[in-house]
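Below is target_28.pdb, holding PDB, C-alpha atoms.
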ATOM      1  CA  GLU A1034       0.000   0.000   0.000
ATOM      2  CA  ILE A1035       1.184   3.484  -0.877
ATOM      3  CA  ASP A1036       0.666   4.910   2.628
ATOM      4  CA  ALA A1037       2.805   2.108   4.067
ATOM      5  CA  LEU A1038       5.673   3.127   1.760
ATOM      6  CA  ARG A1039       5.446   6.719   2.985
ATOM      7  CA  ALA A1040       5.820   5.605   6.599
ATOM      8  CA  LYS A1041       9.128   3.773   6.132
ATOM      9  CA  LYS A1042      12.416   5.453   7.067
ATOM     10  CA  VAL A1043      15.619   5.278   5.049
ATOM     11  CA  LEU A1044      18.682   4.705   7.237
ATOM     12  CA  ASN A1045      21.490   5.569   4.824
ATOM     13  CA  LEU A1046      20.417   8.671   2.909
ATOM     14  CA  ALA A1047      23.772  10.391   3.505
ATOM     15  CA  GLU A1048      25.524   7.375   1.951
ATOM     16  CA  VAL A1049      23.286   7.552  -1.129
ATOM     17  CA  GLN A1050      23.828  11.308  -1.432
ATOM     18  CA  ALA A1051      27.616  10.862  -1.200
ATOM     19  CA  ALA A1052      27.577   8.115  -3.839
ATOM     20  CA  ILE A1053      26.009  10.468  -6.379
ATOM     21  CA  GLY A1054      27.879  13.615  -5.308
ATOM     22  CA  PHE A1055      24.832  15.331  -3.821
ATOM     23  CA  THR A1056      25.826  15.989  -0.224
ATOM     24  CA  ASN A1057      24.830  19.670  -0.291
ATOM     25  CA  ILE A1058      21.123  19.749  -1.109
ATOM     26  CA  GLU A1059      21.253  23.537  -1.492
ATOM     27  CA  ALA A1060      23.681  23.224  -4.431
ATOM     28  CA  ASP A1061      22.698  22.777  -8.059
ATOM     29  CA  PRO A1062      22.228  19.002  -8.444
ATOM     30  CA  TYR A1063      23.034  18.929 -12.148
ATOM     31  CA  PRO A1064      26.491  18.722 -13.714
ATOM     32  CA  LYS A1065      27.618  21.799 -15.635
ATOM     33  CA  LEU A1066      28.084  19.614 -18.703
ATOM     34  CA  TRP A1067      24.832  17.617 -18.834
ATOM     35  CA  TYR A1068      26.255  15.289 -21.466
ATOM     36  CA  ASP A1069      28.929  14.142 -18.991
ATOM     37  CA  THR A1070      26.304  12.253 -17.010
ATOM     38  CA  VAL A1071      27.099   8.541 -16.974
ATOM     39  CA  ILE A1072      24.484   6.044 -15.822
ATOM     40  CA  ASP A1073      25.704   2.703 -14.544
ATOM     41  CA  THR A1074      23.613   0.082 -16.327
ATOM     42  CA  GLU A1075      25.197  -2.889 -14.548
ATOM     43  CA  ARG A1076      24.002  -2.059 -11.044
ATOM     44  CA  GLN A1077      20.453  -1.609  -9.811
ATOM     45  CA  CYS A1078      18.707  -0.018  -6.843
ATOM     46  CA  TYR A1079      17.511  -2.262  -4.034
ATOM     47  CA  VAL A1080      15.735  -1.708  -0.748
ATOM     48  CA  VAL A1081      17.316  -3.776   2.012
ATOM     49  CA  PHE A1082      15.410  -4.403   5.225
ATOM     50  CA  PRO A1083      17.682  -4.879   8.261
ATOM     51  CA  ASP A1084      14.845  -6.677  10.053
ATOM     52  CA  MET A1085      12.289  -8.547   7.959
ATOM     53  CA  ALA A1086       9.933  -8.797  10.940
ATOM     54  CA  ASP A1087       9.863  -4.998  11.274
ATOM     55  CA  ARG A1088      10.149  -3.411   7.850
ATOM     56  CA  SER A1089       9.725   0.156   9.108
ATOM     57  CA  THR A1090      13.339   1.024   8.263
ATOM     58  CA  TYR A1091      15.429   0.228   5.227
ATOM     59  CA  GLU A1092      18.643   0.983   3.397
ATOM     60  CA  LEU A1093      19.086   1.784  -0.284
ATOM     61  CA  LYS A1094      21.836  -0.209  -1.982
ATOM     62  CA  THR A1095      23.169   0.059  -5.528
ATOM     63  CA  MET A1096      24.520  -3.360  -6.473
ATOM     64  CA  THR A1097      24.524  -6.013  -9.152
ATOM     65  CA  PRO A1098      22.030  -8.858  -8.707
ATOM     66  CA  ALA A1099      24.854 -11.173  -7.574
ATOM     67  CA  GLU A1100      26.185  -8.629  -5.061
ATOM     68  CA  ILE A1101      22.782  -8.028  -3.467
ATOM     69  CA  GLN A1102      22.080 -11.744  -3.201
ATOM     70  CA  ALA A1103      25.355 -12.238  -1.335
ATOM     71  CA  TYR A1104      24.872  -9.100   0.806
ATOM     72  CA  ALA A1105      21.235  -9.493   1.839
ATOM     73  CA  PRO A1106      19.750 -12.836   0.805
ATOM     74  CA  GLY A1107      15.974 -12.730   1.260
ATOM     75  CA  ARG A1108      16.025  -9.204   2.710
ATOM     76  CA  HIS A1109      16.007  -7.116  -0.460
ATOM     77  CA  LYS A1110      13.559  -5.836  -3.067
ATOM     78  CA  LEU A1111      14.463  -4.372  -6.450
ATOM     79  CA  THR A1112      13.043  -0.864  -6.832
ATOM     80  CA  HIS A1113      14.433   0.076 -10.256
ATOM     81  CA  ARG A1114      17.060  -1.037 -12.754
ATOM     82  CA  THR A1115      19.361   1.956 -12.389
ATOM     83  CA  PRO A1116      21.512   3.093  -9.444
ATOM     84  CA  CYS A1117      19.864   4.543  -6.336
ATOM     85  CA  GLY A1118      19.533   8.294  -6.000
ATOM     86  CA  VAL A1119      17.820  10.664  -3.604
ATOM     87  CA  CYS A1120      14.501  10.091  -5.397
ATOM     88  CA  SER A1121      14.802   6.346  -4.696
ATOM     89  CA  GLN A1122      13.453   6.776  -1.168
ATOM     90  CA  LEU A1123      10.247   4.806  -0.699
ATOM     91  CA  ASN A1124       8.229   7.916   0.140
ATOM     92  CA  ASP A1125       9.330   9.416  -3.200
ATOM     93  CA  LEU A1126       8.537   6.204  -5.069
ATOM     94  CA  ALA A1127       5.095   6.340  -3.417
ATOM     95  CA  VAL A1128       4.505   9.699  -5.132
ATOM     96  CA  TYR A1129       5.261   8.123  -8.521
ATOM     97  CA  LEU A1130       2.769   5.342  -7.737
ATOM     98  CA  ALA A1131       0.065   7.657  -6.409
ATOM     99  CA  VAL A1132       0.266  10.288  -9.154
ATOM    100  CA  ARG A1133       0.518   8.547 -12.521
ATOM    101  CA  ASP A1134       1.165  11.747 -14.492
ATOM    102  CA  LEU A1135       3.290  14.274 -12.631
ATOM    103  CA  THR A1136       3.591  16.655 -15.577
ATOM    104  CA  THR A1137       0.755  18.996 -14.619
ATOM    105  CA  PRO A1138       1.356  19.205 -10.858
ATOM    106  CA  VAL A1139       5.131  19.662 -11.275
ATOM    107  CA  ARG A1140       4.604  22.265 -13.994
ATOM    108  CA  LYS A1141       2.320  24.178 -11.600
ATOM    109  CA  CYS A1142       5.060  24.093  -8.995
ATOM    110  CA  ALA A1143       7.626  25.346 -11.526
ATOM    111  CA  LEU A1144       5.404  28.306 -12.348
ATOM    112  CA  LYS A1145       5.848  29.599  -8.812
ATOM    113  CA  LEU A1146       9.164  31.034 -10.096
ATOM    114  CA  PHE A1147      10.950  31.332  -6.771
ATOM    115  CA  GLU A1148      12.933  28.410  -5.377
ATOM    116  CA  GLY A1149      11.417  28.398  -1.893
ATOM    117  CA  PRO A1150       7.803  28.211  -3.054
ATOM    118  CA  THR A1151       8.709  25.720  -5.798
ATOM    119  CA  ILE A1152      10.489  23.378  -3.375
ATOM    120  CA  ASN A1153       7.611  23.664  -0.901
ATOM    121  CA  CYS A1154       5.111  22.970  -3.675
ATOM    122  CA  LEU A1155       6.948  19.786  -4.676
ATOM    123  CA  MET A1156       7.165  18.735  -1.034
ATOM    124  CA  ASP A1157       3.400  19.320  -0.778
ATOM    125  CA  LEU A1158       3.023  16.733  -3.583
ATOM    126  CA  GLY A1159       4.761  14.280  -1.230
ATOM    127  CA  PHE A1160       8.377  14.369  -2.462
ATOM    128  CA  SER A1161      11.211  14.490   0.061
ATOM    129  CA  ARG A1162      13.245  17.723   0.290
ATOM    130  CA  GLU A1163      16.172  16.002  -1.437
ATOM    131  CA  CYS A1164      14.061  14.733  -4.327
ATOM    132  CA  SER A1165      12.342  18.121  -4.658
ATOM    133  CA  ARG A1166      15.756  19.669  -5.344
ATOM    134  CA  ILE A1167      16.308  17.196  -8.188
ATOM    135  CA  TRP A1168      13.017  18.060  -9.863
TER
END
So that I can check it, write out the structure of this file as structure tokens.
Amino acid sequence: EIDALRAKKVLNLAEVQAAIGFTNIEADPYPKLWYDTVIDTERQCYVVFPDMADRSTYELKTMTPAEIQAYAPGRHKLTHRTPCGVCSQLNDLAVYLAVRDLTTPVRKCALKLFEGPTINCLMDLGFSRECSRIW
């Protein structure tokens, strides 16, 4: 259920941010040369539950299928087939599930023109602060 995803807490967000070079969420998240962006197609994003009996917390791990199986057998779920990023948090993925077409609501947020109101507007849609900066 979507509400259940929103209630879960990521334990290693700082690790994910560091892995993608996004430790300062106030900075511009995009490289100056957009065409220098390289996406690792060998590794995928997984949610790993430290305790399968209590799945209220989780970690995000970017690994190959073989690596994740060795690291967390039976305690992982594939979220998407690209590396984890700040928008890989389960509460952010819940937004993608709940709102099938984000074009109109995000465009409305962008029309607010000023960063503070735009970020707040995206957070009002349900995105985390970190993911709102990416949008």
Pick out the closest residue to Lys1094 (chain A) from this set: A:Asp1036, A:Asp1157, A:Glu1048, A:Glu1163. Count all atoms listed in the file.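 Nearest to Lys1094 (chain A): A:Glu1048.
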Residue members of the PyMOL selection byres ((chain A and resi 1071-1087) around 12) in the file shown, as a ChimeraX atom specification: /A:1038,1041-1046,1049,1053,1064,1066-1070,1088-1102,1104-1123,1126
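Across the structure, CA of Glu1034 (chain A) and CA of Cys1142 (chain A) are spaced 26.2 Å apart.
The gap separating CA of Asn1124 (chain A) from CA of Ala1037 (chain A) is 8.9 Å, in Å to one decimal.
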Given the choices A:Ile1035, A:Ala1103, A:Ala1127, A:Ile1152, which gets closest to Ile1167 (chain A) if the distance is worked out from all atoms listed in the file?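 Using all atoms listed in the file, the shortest distance to Ile1167 (chain A) belongs to A:Ile1152.
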Report the distance between CA of Cys1154 (chain A) and CA of Pro1062 (chain A) in Å, rounded to one decimal place. 18.2 Å
Padding 4 Å on every side, please: axis-aligned box over the listed atoms of region 1130-1145 of chain A, centre and edge lengths to one decimal in Å, as AutoDock Vina command-line options.
--center_x 3.8 --center_y 17.5 --center_z -11.0 --size_x 15.6 --size_y 32.3 --size_z 17.2
So, counting only C-alpha atoms, which residue among A:Trp1168, A:Ala1060, A:Ala1047, A:Ala1040 is closest to Ala1143 (chain A)?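 For Ala1143 (chain A), the nearest of the given residues is A:Trp1168.
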